$ cat entry-v4.txt   # compact mmCIF, C-alpha atoms
# COMPACT_ATOMS: atom_id res chain seq x y z
CA MET A 1 149.75 103.92 60.43
CA PRO A 2 147.76 105.43 63.33
CA THR A 3 145.64 103.16 65.47
CA PRO A 4 141.89 103.69 65.12
CA PRO A 5 140.31 105.25 68.18
CA GLU A 6 138.67 102.85 70.57
CA ALA A 7 134.92 102.79 70.62
CA PRO A 8 133.46 104.50 73.66
CA PRO A 9 132.34 102.11 76.38
CA HIS A 10 128.84 100.72 75.95
CA PRO A 11 126.45 102.58 78.28
CA TRP A 12 124.53 99.39 79.14
CA PRO A 13 125.88 96.41 81.06
CA ASP A 14 124.54 94.02 78.39
CA ALA A 15 124.65 93.90 74.60
CA LEU A 16 121.16 94.99 73.65
CA ARG A 17 119.12 94.07 70.61
CA ALA A 18 115.75 95.10 69.27
CA PRO A 19 112.76 92.95 70.20
CA ASP A 20 111.71 90.27 67.74
CA PRO A 21 108.20 91.10 66.44
CA ALA A 22 107.29 87.40 66.27
CA ARG A 23 108.28 86.93 69.91
CA ALA A 24 106.35 90.06 70.89
CA ALA A 25 103.26 88.64 69.17
CA ALA A 26 103.73 85.31 70.97
CA LEU A 27 103.78 86.93 74.42
CA LEU A 28 100.05 87.63 74.57
CA PRO A 29 98.85 84.08 73.79
CA ALA A 30 101.55 82.73 76.11
CA PHE A 31 100.23 84.90 78.94
CA TRP A 32 96.64 83.65 78.50
CA GLN A 33 97.68 80.01 78.01
CA THR A 34 99.75 80.17 81.20
CA LEU A 35 97.01 81.93 83.18
CA ALA A 36 94.50 79.27 82.06
CA GLN A 37 96.41 76.73 84.16
CA LEU A 38 95.82 78.62 87.41
CA PRO A 39 92.37 77.24 88.36
CA ASP A 40 93.57 73.64 88.27
CA LEU A 41 96.57 74.43 90.47
CA LEU A 42 94.53 76.42 92.98
CA ASN A 43 91.75 73.84 93.14
CA ARG A 44 94.33 71.12 93.87
CA ASP A 45 96.08 73.31 96.48
CA GLU A 46 99.34 73.22 94.50
CA GLN A 47 100.94 76.18 96.30
CA LEU A 48 104.44 75.75 94.87
CA LEU A 49 103.23 75.36 91.31
CA ALA A 50 100.79 78.27 91.64
CA GLU A 51 103.67 80.48 92.81
CA ALA A 52 105.83 79.30 89.90
CA LEU A 53 102.98 79.98 87.47
CA THR A 54 102.52 83.54 88.72
CA ALA A 55 106.29 84.06 88.48
CA GLU A 56 106.07 82.94 84.84
CA LEU A 57 103.23 85.41 84.25
CA ARG A 58 105.46 88.15 85.71
CA HIS A 59 108.30 87.09 83.42
CA LEU A 60 105.99 87.40 80.39
CA VAL A 61 104.87 90.86 81.54
CA ILE A 62 108.52 91.90 81.94
CA GLU A 63 109.18 90.77 78.36
CA MET A 64 106.21 92.87 77.21
CA MET A 65 107.55 95.89 79.04
CA LEU A 66 111.04 95.43 77.62
CA ALA A 67 109.61 95.10 74.10
CA MET A 68 107.70 98.34 74.61
CA ASN A 69 110.96 99.89 75.81
CA GLY A 70 112.55 98.80 72.53
CA ILE A 71 114.73 95.91 73.65
CA ALA A 72 114.65 92.14 73.80
CA PRO A 73 115.41 90.59 77.18
CA PRO A 74 119.21 90.43 77.40
CA ALA A 75 120.26 86.80 77.73
CA GLY A 76 121.50 86.00 81.22
CA THR A 77 121.33 89.61 82.39
CA ARG A 78 122.06 90.47 85.98
CA HIS A 79 120.93 94.09 85.42
CA LEU A 80 117.16 94.32 84.86
CA ASN A 81 116.46 97.52 86.83
CA GLY A 82 118.03 99.86 84.28
CA TYR A 83 115.94 98.48 81.44
CA LEU A 84 112.62 99.25 83.15
CA SER A 85 111.23 102.65 84.05
CA PRO A 86 110.75 103.46 87.74
CA SER A 87 106.96 103.10 87.34
CA GLN A 88 107.35 99.74 85.58
CA ARG A 89 109.59 98.48 88.37
CA ALA A 90 107.25 99.79 91.06
CA VAL A 91 104.17 98.08 89.63
CA LEU A 92 106.03 94.79 89.19
CA GLU A 93 107.62 94.93 92.62
CA ARG A 94 104.14 95.14 94.15
CA THR A 95 103.50 91.65 92.73
CA LEU A 96 106.51 90.14 94.51
CA ALA A 97 105.33 89.87 98.10
CA ALA A 98 102.72 87.36 99.10
CA PRO A 99 101.25 87.62 102.59
CA ALA A 100 101.06 83.82 102.76
CA ALA A 101 101.44 80.75 100.60
CA SER A 102 97.74 80.59 99.90
CA ARG A 103 95.14 80.43 97.18
CA GLU A 104 94.22 84.06 97.88
CA SER A 105 97.83 85.23 97.45
CA TRP A 106 98.33 83.54 94.08
CA LEU A 107 94.91 84.66 92.89
CA ALA A 108 95.62 88.27 93.89
CA ARG A 109 99.01 88.14 92.18
CA ALA A 110 97.48 86.71 88.99
CA VAL A 111 94.80 89.43 88.98
CA ALA A 112 97.44 92.15 89.46
CA LEU A 113 99.56 90.76 86.63
CA THR A 114 96.47 90.50 84.42
CA VAL A 115 95.76 94.18 85.03
CA ILE A 116 99.35 95.08 84.09
CA GLN A 117 99.20 92.82 81.03
CA SER A 118 95.91 94.40 80.00
CA TRP A 119 97.59 97.82 80.04
CA TYR A 120 100.54 96.74 77.87
CA ALA A 121 98.84 94.28 75.49
CA PRO A 122 97.08 96.81 73.21
CA GLN A 123 100.19 98.98 73.09
CA LEU A 124 102.36 95.99 72.21
CA ALA A 125 99.94 94.87 69.48
CA ALA A 126 99.84 98.37 68.00
CA ARG A 127 103.60 98.81 68.11
CA PHE A 128 104.37 95.48 66.46
CA GLY A 129 101.32 95.35 64.17
CA PHE A 130 99.53 92.21 65.26
CA ALA A 131 96.01 91.49 66.47
CA PRO A 132 95.67 90.57 70.15
CA PRO A 133 94.33 87.04 70.73
CA ALA A 134 90.83 88.25 71.61
CA GLU A 135 89.14 84.85 71.32
CA LEU A 136 91.76 83.18 73.52
CA GLU A 137 91.54 86.01 76.06
CA SER A 138 87.73 85.77 76.19
CA ALA A 139 87.83 81.99 76.55
CA VAL A 140 90.37 82.13 79.38
CA ARG A 141 88.50 84.93 81.17
CA ALA A 142 85.30 82.85 80.98
CA GLN A 143 87.15 79.76 82.22
CA LEU A 144 88.60 81.70 85.15
CA ALA A 145 85.22 83.16 86.09
CA ALA A 146 83.60 79.69 85.96
CA ALA A 147 86.35 77.85 87.85
CA LEU A 148 87.30 80.48 90.43
CA PRO A 149 84.36 82.11 92.22
CA ASP A 150 86.65 84.87 93.52
CA TRP A 151 88.05 85.79 90.08
CA PRO A 152 86.83 89.30 89.16
CA LEU A 153 84.27 89.33 86.39
CA GLU A 154 85.72 92.53 85.00
CA ILE A 155 89.33 93.70 85.00
CA SER A 156 90.02 97.22 83.88
CA THR A 157 93.09 99.41 83.61
CA ASP A 158 90.89 102.51 83.88
CA PRO A 159 90.97 104.36 87.19
CA PRO A 160 87.73 104.12 89.16
CA ALA A 161 85.21 106.74 88.15
CA GLU A 162 84.88 109.47 90.72
CA GLU A 163 81.44 109.67 92.19
CA THR A 164 79.68 112.93 91.53
CA PRO A 165 78.01 114.17 94.71
CA ALA A 166 74.26 114.58 94.48
CA ALA A 167 72.94 118.12 94.28
CA GLU A 168 70.47 119.40 96.86
CA ASP A 169 67.59 118.85 94.44
CA GLY A 170 68.63 115.30 93.62
CA VAL A 171 69.99 116.25 90.18
CA HIS A 172 73.41 114.82 89.41
CA ALA A 173 75.93 116.76 87.39

$ encode --input "entry-v4.txt" --output "structure tokens"
Amino acid sequence: MPTPPEAPPHPWPDALRAPDPARAAALLPAFWQTLAQLPDLLNRDEQLLAEALTAELRHLVIEMMLAMNGIAPPAGTRHLNGYLSPSQRAVLERTLAAPAASRESWLARAVALTVIQSWYAPQLAARFGFAPPAELESAVRAQLAAALPDWPLEISTDPPAEETPAAEDGVHA
């Protein structure tokens, strides 16, 4: 009896599986619940905990990205780069460096991760068929604005509108 041919080697370093829709739906509330803890940490000058919190926010964003890429985070992976696109990696890598262990650094990192999350959240909700936690998001945004005077009142993923130069007669196109 001939031996069956061996399966070709797996192209990925990890065994991959599809994302769990329930976990995907849980990522958005988890992001906002985690972010809601930031004001307390910053106001108490808890630098180490604020850094850990922003690292957790990044981890949640990575999970969102992986889900959008069609995979669940591989358990114990040592090979994340290949599962993210170059643009995903680039935007996340910009959130790694902090100029100093300071309130401003953790706040800037949290804002950057919120922008990234805001880009992926509607796509994730549409792909997996759940409603984003709009009430929770609004409540946390209001809490952040009230507790952190330097938190931006508006965060958008839209590029800034280009200013239209004024015409000679003062009429704008």

$ residues_around --input "entry-v4.txt" --residues "Ala75 (chain A)" --least-positions-apart "3" --cutoff "9 Å" --atoms "only C-alpha atoms" --output "ChimeraX atom specification"
/A:14-15,72

$ closest_residue --input "entry-v4.txt" --among "A:Ile116, A:Ala100, A:Val91, A:Leu84" --to "Ala67 (chain A)" --atoms "only C-alpha atoms"
A:Leu84

$ residues_around --input "entry-v4.txt" --residues "Pro29 (chain A)" --least-positions-apart "4" --cutoff "8 Å" --atoms "all atoms listed in the file" --output "number ranges by chain"
A: 25, 33, 133, 136-137

$ atom_distance --input "entry-v4.txt" --atom1 "CA of Pro39 (chain A)" --atom2 "CA of Arg89 (chain A)"
27.3 Å

$ residues_near_point --input "entry-v4.txt" --point "(109.4, 96.2, 74.6)" --cutoff "12 Å" --atoms "all atoms listed in the file" --output "ChimeraX atom specification"
/A:16-21,23-25,27,60-74,83-85,88,120-121,123-128

$ atom_distance --input "entry-v4.txt" --atom1 "CA of Trp32 (chain A)" --atom2 "CA of Thr114 (chain A)"
9.1 Å

$ residues_around --input "entry-v4.txt" --residues "Thr54 (chain A)" --least-positions-apart "3" --cutoff "7 Å" --atoms "all atoms listed in the file" --output "list of chain:residue names"
A:Ala50, A:Glu51, A:Leu57, A:Arg58, A:Trp106, A:Arg109, A:Ala110

$ closest_residue --input "entry-v4.txt" --among "A:Thr157, A:Gln143, A:Ser138, A:Ser87" --to "Trp119 (chain A)" --atoms "all atoms listed in the file"
A:Thr157

$ atom_distance --input "entry-v4.txt" --atom1 "CA of Glu104 (chain A)" --atom2 "CA of Ala90 (chain A)"
21.5 Å

$ closest_residue --input "entry-v4.txt" --among "A:Leu35, A:Asn43, A:Pro11, A:Ala30" --to "Ala147 (chain A)" --atoms "all atoms listed in the file"
A:Asn43

$ residues_around --input "entry-v4.txt" --residues "Leu42 (chain A)" --least-positions-apart "2" --cutoff "9 Å" --atoms "all atoms listed in the file" --output "PyMOL selection string"
chain A and resi 38-40+44-47+49-50+102-103+106-107+148

$ axis_aligned_box --input "entry-v4.txt" --around "region 94-106 of chain A" --padding-each-side "6 Å" --output "AutoDock Vina command-line options"
--center_x 100.4 --center_y 87.8 --center_z 97.7 --size_x 24.3 --size_y 26.7 --size_z 22.0

$ closest_residue --input "entry-v4.txt" --among "A:Ala146, A:Gly129, A:Ala139, A:Glu154" --to "Ala22 (chain A)" --atoms "all atoms listed in the file"
A:Gly129
